[in-house]
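Take a look at the structure set out below.
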Amino acid sequence: MATSFDFDFGVIGGGAAGLTAASGASQLGAKVLLIEREAALGGDCLHFGCVPSKTLIRSAHVYHMMHQAERFGLPQPELPPVDFSRVAKRIREVQAEIQKHDSVERFCSLGVQVEFGPAQFVDPHTVDVAGKKYTAKSWLIATGSESSSPAIPGLESVPYLTNKEIFSQESLPESMIVLGGGAIACEIAQAFSRLGCSVTILQRSPQLFSQQDSDMALLVQQVLESEGVTVHTGVSIQCIEEVDGQCRVFYQTQDGAGHECEAAQLFLGLGRAPVMDALELHNAGVEVSRRGITVDSRMRTSQKHIFAAGDVTGAPQFTHAAGYEGGIVVSNAIFRVPRKADYTNLPWCTFTSPEFAGIGLNEGQARKQLSGVECIEEQFSANDRALAEGELQGKLKLVLSKGKPVGVQIVGPHAGELLCEWVPVQAGGVKLSTLAGAIHPYPTLAEINKKAAGSFISPKIFSPRVVGVLSTLFSYRGRACGK
């Protein structure tokens with residue numbers, strides 16, 4: 001085994017975790033190699049995930065709002081059907097603009113050598129890329145994840161779409177069946193429905209967003225159904241077949257009854273699987289499980305000089321989580337300062353309309369893990385800005401344990417943006433009294449945050465004891481009107 005290495009730090013995977021770690025390590029003086037199997041840097045998020053999906057969602061939102069003109073006191077225009085090729089073109093344009101930030105030229109300017117091709121470990125310090133071997137003192141594996149294909153009879157013989165194909169279609173299907181009820185499935189279902197596609201969701205769990213509180217998930221489901229999406233939860237997929245160019249899915253409901261539905265296209269949104277099989281990790285002595293590469297809290301694998309970050313570890317599968325983990329790796333591998341990953345207050349957001357966002361524990365999790373749990377809820381229907389904009393669906397739920405905030409969930413307009421104000425409360429120690437006393441501009445959606453904090457503080461300020469003390473001290477005479 002070599003004792004003198006070609007590079008100080010090698011990175012396999014050009015997504016959020018890999019790019020964060022490569023740029024940080026190089027700027028700290030390390031000689032860095034970055035290897036990417038696809039033809040361009042940026043990872044799943046740029047090419048098949050966050051960027052194209054949010055661009056699609058925005059186009060669908062605009063088209064949906066055009067159909068809602070009359071609701072806002074405007075003349076209702078007659079709209080032609082959507083030309084999806086133009087939507088796809090806009091997605092590519094947005095990707096191309098962001099690609100400049102993730103270009104080879106930019107990373108070369110930062111001092112990072114970039115190579116393209118599939119990487120395979122030869123030994124714990126050596127990787128082969130298309131026949132050429134590279135050695136590094138430390139490695140980071142950040143190869144991400146891909147859509148998983150469940151073992152459903154007939155699926156292998158039926159054409160279907162995943163996040164890799166869905167955004168590059170040139171035409172809008174007349175109908176689509178979406179398997180799954182998580183973030184990706186719900187975002188795709190609503191976007192395509194708004195563009196004019198007839199969409200049916202088949203979800204195995206009894207509710208959408210199976211890991212979240214049922215009352216919050218139901219709010220999203222109700223909006224989806226009000227817009228024409230058909231939602232079936234608690235179903236078991238029996239088999240799938242192709243009939244006259246259509247996809248037919250046979251499923252069973254919880255009462256044992258058999259059903260079938262048919263559509264022009266099938267979209268799989270049933271989860272993700274780590275991309276690691278082609279890496280020949282056994283040659284490096286790296287341990288893996290079904291979930292992904294096994295790492296400790298410092299993102300180290302069973303080989304302490306080899307790190308792993310992002311979706312490939314099976315940890316929370318968010319772009320911002322991968323970027324965070326990339327920073328953890330830089331601290332441990334380059335700074336040599338021990339730093340552990342902590343997901344306690346990892347915020348997340350699903351970009352349906354209304355958006356669904358959260359941080360910390362939801363109510364169900366809190367009641368299982370903690371004592372003295374209470375919840376404070378504020379409705380968007382009571383927010384003046386939401387009323388003015390016609391965005392009344394949804395609510396904010398503040399979860400407390402013994403008077404301490406342990407989590408926040410928001411279903412409502414711009415929930416992801418509103419959640420940001422709760423990050424310093426959850427992770428930075430900002431008190432609810434500080435949030436309740438802060439001045440918020442009127443009218444804004446963010447006033448719902450202040451109101452939730454105020455709903456916790458108010459009973460303490462306006463308690464009978466405080467009123468009694470003030471009345472005694474200053475001879476106040478009480479209410480002037482009402483009972």
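Letters A, B, ... go to the chains of the structure tokens in the order shown; residues in each chain start at 1; ligands are counted from 1 in the same order.
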
- [ ] Compile the contact shell of A:Val94 as a PyMOL selection string: residues with an atom at most 8 Å away, counting only C-alpha atoms, same-chain residues fewer than 2 positions apart removed.
- [x] chain A and resi 51-52+55+90-92+96-98

Please return, as a compact mmCIF listing (two decimals) with C-alpha atoms, in the first residue's frame, all residues of stretch 117-169 of chain A that DSSP assigns to strand (DSSP E or B) on the basis of the backbone.
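Listed below is the output, out_8.txt:
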```
# COMPACT_ATOMS: atom_id res chain seq x y z
CA ALA A 119 -15.14 4.86 -9.41
CA GLN A 120 -14.16 1.53 -7.86
CA PHE A 121 -12.03 0.94 -4.79
CA VAL A 122 -8.93 -1.17 -5.40
CA ASP A 123 -7.74 -0.98 -1.78
CA THR A 126 -6.78 3.55 -4.10
CA VAL A 127 -9.65 4.14 -6.52
CA ASP A 128 -9.85 3.13 -10.17
CA VAL A 129 -11.64 5.50 -12.59
CA LYS A 132 -6.69 5.03 -14.17
CA LYS A 133 -5.77 4.70 -10.52
CA TYR A 134 -5.73 7.51 -7.96
CA THR A 135 -4.61 7.39 -4.34
CA ALA A 136 -5.66 9.67 -1.49
CA LYS A 137 -4.85 9.84 2.20
CA SER A 138 -8.56 10.29 3.04
CA TRP A 139 -11.69 9.60 1.02
CA LEU A 140 -15.29 10.77 1.12
CA ILE A 141 -18.02 8.65 -0.47
CA SER A 145 -29.31 7.63 -3.79
CA GLU A 146 -31.68 6.64 -6.56
CA SER A 147 -35.35 5.75 -6.85
CA LEU A 161 -41.10 6.90 -14.69
```

Open item on the list: I'd like the contact shell of A:Gly18 - 10 Å cut-off, only C-alpha atoms, skipping same-chain residues fewer than 4 positions apart - returned as a ChimeraX atom specification.
Closed with: /A:10-14,22-24,34-36,41-43,140-144,308-310,322-323,325-327,329

Task: Residue set, stretch 183-426 of chain A restricted to helix (DSSP H, G or I), as a VMD selection string - done: chain A and resid 183 to 195 214 to 226 277 to 279 281 to 284 310 to 313 319 to 335 363 to 369 380 to 382 384 to 389 415 to 426

Open item on the list: Just want the 8 Å neighbourhood of A:Leu418, counted on only C-alpha atoms, with same-chain residues fewer than 3 positions away dropped. Output as a count of residues only.
Closed with: 7

TODO: Name all residues at most 10 Å from A:Val406 (count only C-alpha atoms; drop same-chain ones fewer than 4 positions away) and give them as a PyMOL selection string.
DONE: chain A and resi 344-345+359-363+366+370+373+398-402+425-427

Open item on the list: For A:Thr319, find every residue with an atom within 9 Å (counting only C-alpha atoms), except residues of its own chain fewer than 5 positions away, and show them as a PyMOL selection string.
Closed with: chain A and resi 15-17+45+50+310-311+324

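Atom CA of A:Gly111 lies 7.3 Å from atom CA of A:Val32.
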
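The smallest atom-to-atom distance between A:Ile188 and any of A:Phe351, A:Phe209, A:Tyr343, A:Tyr476, using only C-alpha atoms, is found for A:Phe351.
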